[in-house]
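Note: the block below is run_29.txt and it holds compact mmCIF, C-alpha atoms (C1' of nucleotides).
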```txt
# COMPACT_ATOMS: atom_id res chain seq x y z
CA MET A 1 0.00 0.00 0.00
CA SER A 2 1.44 3.24 -1.09
CA HIS A 3 0.90 6.65 0.46
CA ARG A 4 -0.93 7.66 -2.63
CA GLY A 5 -4.11 5.90 -3.61
CA ASP A 6 -2.49 3.79 -6.25
CA ILE A 7 -3.37 0.20 -6.89
CA ASN A 8 -2.94 -2.16 -3.99
CA SER A 9 -1.26 -5.50 -4.46
CA SER A 10 -4.65 -7.03 -3.80
CA SER A 11 -5.57 -6.08 -7.33
CA GLN A 12 -8.69 -4.12 -6.51
CA ASN A 13 -8.88 -3.92 -10.27
CA THR A 14 -11.80 -5.77 -11.69
CA TYR A 15 -9.72 -6.86 -14.64
CA SER A 16 -6.88 -8.26 -12.55
CA ASP A 17 -9.35 -10.03 -10.33
CA VAL A 18 -11.07 -11.53 -13.34
CA PHE A 19 -7.80 -12.70 -14.86
CA ASP A 20 -6.73 -14.19 -11.56
CA ALA A 21 -10.02 -16.01 -11.18
CA VAL A 22 -9.75 -17.40 -14.71
CA ARG A 23 -6.24 -18.64 -13.98
CA ARG A 24 -7.69 -20.49 -11.00
CA ILE A 25 -9.88 -22.61 -13.24
CA PRO A 26 -8.41 -26.13 -13.22
CA TYR A 27 -7.49 -27.99 -16.38
CA GLY A 28 -10.38 -29.73 -18.04
CA ARG A 29 -12.88 -27.58 -16.23
CA VAL A 30 -15.00 -24.62 -17.29
CA SER A 31 -16.53 -21.66 -15.53
CA THR A 32 -19.17 -19.13 -16.45
CA TYR A 33 -18.89 -15.36 -16.62
CA GLY A 34 -21.37 -15.06 -13.79
CA ASP A 35 -19.40 -17.44 -11.60
CA ILE A 36 -16.19 -15.54 -12.25
CA ALA A 37 -17.94 -12.30 -11.43
CA ARG A 38 -19.17 -13.83 -8.22
CA LEU A 39 -15.71 -15.14 -7.34
CA ILE A 40 -14.25 -11.65 -7.57
CA GLY A 41 -17.00 -10.22 -5.43
CA ARG A 42 -19.09 -8.70 -8.23
CA PRO A 43 -22.03 -11.04 -8.76
CA ARG A 44 -23.65 -8.54 -11.12
CA ALA A 45 -20.56 -7.78 -13.16
CA ALA A 46 -20.79 -10.76 -15.50
CA ARG A 47 -20.71 -8.41 -18.48
CA VAL A 48 -17.56 -6.79 -17.21
CA VAL A 49 -16.01 -10.25 -17.08
CA GLY A 50 -16.76 -10.66 -20.73
CA TYR A 51 -15.32 -7.24 -21.37
CA ALA A 52 -12.16 -8.25 -19.55
CA MET A 53 -12.01 -11.43 -21.60
CA HIS A 54 -11.82 -9.34 -24.72
CA ARG A 55 -8.79 -7.68 -23.16
CA CYS A 56 -7.33 -10.92 -21.79
CA PRO A 57 -3.53 -11.13 -21.69
CA PRO A 58 -1.62 -13.93 -23.44
CA GLY A 59 -1.34 -17.19 -21.54
CA LEU A 60 -4.74 -16.78 -19.96
CA PRO A 61 -6.93 -19.88 -20.21
CA TRP A 62 -9.84 -17.76 -21.39
CA HIS A 63 -11.22 -20.72 -23.32
CA ARG A 64 -12.35 -22.21 -20.00
CA VAL A 65 -14.82 -19.39 -19.58
CA ILE A 66 -18.25 -19.84 -21.14
CA ASN A 67 -21.73 -18.46 -20.54
CA ALA A 68 -24.31 -19.69 -18.03
CA GLN A 69 -26.01 -21.73 -20.72
CA GLY A 70 -22.90 -23.88 -21.02
CA ARG A 71 -22.50 -22.43 -24.49
CA ILE A 72 -19.64 -20.53 -26.06
CA SER A 73 -20.55 -16.87 -26.20
CA LEU A 74 -18.47 -16.25 -29.27
CA PRO A 75 -20.03 -16.84 -32.70
CA ALA A 76 -19.73 -20.52 -33.64
CA ASP A 77 -18.43 -19.53 -37.05
CA SER A 78 -15.79 -17.20 -35.67
CA THR A 79 -12.14 -18.20 -35.46
CA ALA A 80 -12.01 -17.60 -31.73
CA GLY A 81 -15.22 -19.56 -31.19
CA LEU A 82 -13.97 -22.60 -33.08
CA SER A 83 -10.62 -22.31 -31.37
CA GLN A 84 -12.23 -22.22 -27.96
CA ARG A 85 -14.37 -25.26 -28.66
CA ARG A 86 -11.36 -27.17 -29.94
CA ARG A 87 -9.30 -26.31 -26.89
CA LEU A 88 -12.07 -27.37 -24.55
CA GLU A 89 -12.40 -30.73 -26.26
CA GLU A 90 -8.63 -30.97 -26.19
CA GLU A 91 -8.80 -30.70 -22.40
CA GLY A 92 -11.42 -33.43 -22.24
CA VAL A 93 -14.44 -31.19 -21.98
CA VAL A 94 -17.34 -32.81 -23.79
CA LEU A 95 -19.62 -30.61 -25.85
CA ILE A 96 -23.08 -32.00 -26.49
CA GLY A 97 -24.99 -30.13 -29.14
CA GLY A 98 -22.43 -27.38 -28.80
CA ARG A 99 -23.06 -27.23 -25.09
CA VAL A 100 -21.05 -28.14 -22.02
CA ASP A 101 -22.64 -29.94 -19.10
CA LEU A 102 -21.94 -27.47 -16.32
CA ASP A 103 -23.03 -30.04 -13.76
CA ARG A 104 -20.02 -32.13 -14.76
CA PHE A 105 -17.37 -29.70 -15.97
CA GLY A 106 -18.55 -26.54 -14.25
CA TRP A 107 -16.21 -24.98 -11.68
CA PRO A 108 -16.26 -24.38 -8.84
CA ASP A 109 -18.22 -27.50 -8.03
CA ALA A 110 -21.76 -26.79 -7.04
CA ASP A 111 -21.55 -29.43 -4.33
C1' DC B 1 -16.94 13.99 -16.88
C1' DG B 2 -20.59 11.43 -19.43
C1' DG B 3 -22.75 8.61 -22.95
C1' DT B 4 -21.85 4.22 -25.32
C1' DT B 5 -20.41 -0.48 -25.29
C1' DG B 6 -20.31 -5.35 -24.43
C1' DA B 7 -16.97 -12.94 -25.03
C1' DC B 8 -23.57 -11.72 -19.58
C1' DT B 9 -27.74 -13.25 -16.68
C1' DT B 10 -32.35 -13.77 -15.58
C1' DT B 11 -37.25 -13.59 -16.49
C1' DC B 12 -41.29 -13.87 -19.44
C1' DG B 13 -44.20 -15.70 -23.40
C1' DG C 1 -36.55 -25.85 -24.72
C1' DC C 2 -36.00 -21.41 -27.27
C1' DG C 3 -36.33 -16.47 -28.55
C1' DA C 4 -36.97 -11.68 -27.11
C1' DA C 5 -36.61 -7.92 -23.57
C1' DA C 6 -34.92 -5.75 -19.49
C1' DG C 7 -31.44 -5.28 -15.91
C1' DC C 8 -26.49 -4.42 -14.34
C1' DC C 9 -21.73 -3.00 -13.96
C1' DA C 10 -17.17 -1.38 -15.09
C1' DA C 11 -14.18 0.10 -18.86
C1' DC C 12 -13.58 2.88 -23.00
C1' DC C 13 -13.30 7.25 -25.73
```
Target format structure tokens, applied to this file:
Amino acid sequence: MSHRGDINSSSQNTYSDVFDAVRRIPYGRVSTYGDIARLIGRPRAARVVGYAMHRCPPGLPWHRVINAQGRISLPADSTAGLSQRRRLEEEGVVLIGGRVDLDRFGWPDAD
DNA sequence: CGGTTGACTTTCG
DNA sequence: GCGAAAGCCAACC
């Protein structure tokens, strides 16, 4: 914490929090924008999560983030959309009818 | 400083 | 189960 009101090491930046949460998603698992938003303490900021995804830094497993419907938010015909689906299947995530069973691959576990 | 923008979510028909 | 409409929040310009 600096004397000035600059950014604390605890992020406090929605973007950093979002990126950190996404990095916490285990391999072969997926999370939704709403869940990520909730994890960072902003249950209503799901849209902001998507916004952050568009600005995601390299190395971020952004492909593990999908919408609440278990569906890829990106257009199915888009390069990024196809790439995301391929990466998910590559990690063992099964897509049925273009959808992911959040009850099985969703994270964190509902339990 | 303020209106516009979204890789969203939930509710209703 | 699916499509349309409204709600919500932070970043962007």
### Query
What does the distance between CA of Val22 in chain A and CA of Arg64 in chain A come to in Å, to one decimal place?
7.6 Å
### Query
Could you work out how far CA of Arg104 in chain A lies from C1' of DC8 in chain B, giving the answer in Å with one decimal?
21.3 Å
Using all atoms listed in the file, find each residue of chain B with at least one atom at most 12 Å away from an atom of chain A; report its shortest atom-to-atom pair and that distance in Å (one decimal), sort the rows by chain and rising residue number, and return the result as a tab-separated table.
```
residue	atom	partner	partner_atom	distance
B:DT5	C1'	A:Tyr51	CA	9.3
B:DG6	C1'	A:Tyr51	CA	6.2
B:DA7	C1'	A:Gly50	CA	4.9
B:DC8	C1'	A:Arg47	CA	4.5
B:DT9	C1'	A:Gly34	CA	7.2
B:DT10	C1'	A:Ala68	CA	10.3
```
Residues of chain C that have any atom at most 8 Å from an atom of chain A: could you tabulate them with the shortest-distance atom pair and the distance in Å to one decimal, using only C-alpha atoms (C1' of nucleotides), ordered by chain and increasing number, as CSV?
```
residue,atom,partner,partner_atom,distance
C:DC8,C1',A:Arg44,CA,6.0
C:DC9,C1',A:Ala45,CA,5.0
C:DA10,C1',A:Val48,CA,5.8
C:DA11,C1',A:Tyr51,CA,7.8
```
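Atom to atom, CA of Asp17 in chain A and CA of Phe105 in chain A stand 22.0 Å apart.
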Centre, edges in Å (one decimal): axis-aligned box, range 5-9 of chain C, 5 Å padding on all six sides, as AutoDock Vina command-line options:
```
--center_x -29.2 --center_y -5.5 --center_z -18.8 --size_x 24.9 --size_y 14.9 --size_z 19.6
```
### Query
Which protein, DNA or RNA residues have an atom at most 12 Å from (-7.7, -19.1, -31.0), counting only C-alpha atoms (C1' of nucleotides)? List them as a count of residues only.
18
### Query
If you count all atoms listed in the file, which residues fall within 12 Å of DT11 in chain B, apart from same-chain ones fewer than 2 positions away, as a list in words?
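What passes the distance filter is DT9 and DG13 of chain B; DA4, DA5, DA6 and DG7 of chain C.
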Output file for the residues above (C-alpha atoms (C1' of nucleotides), as a PDB file, keeping the file's coordinate frame):
```pdb
ATOM      1  C1'  DT B   9     -27.740 -13.250 -16.680  1.00  0.00           C
ATOM      2  C1'  DG B  13     -44.200 -15.700 -23.400  1.00  0.00           C
TER       3       DG B  13
ATOM      4  C1'  DA C   4     -36.970 -11.680 -27.110  1.00  0.00           C
ATOM      5  C1'  DA C   5     -36.610  -7.920 -23.570  1.00  0.00           C
ATOM      6  C1'  DA C   6     -34.920  -5.750 -19.490  1.00  0.00           C
ATOM      7  C1'  DG C   7     -31.440  -5.280 -15.910  1.00  0.00           C
TER       8       DG C   7
END
```
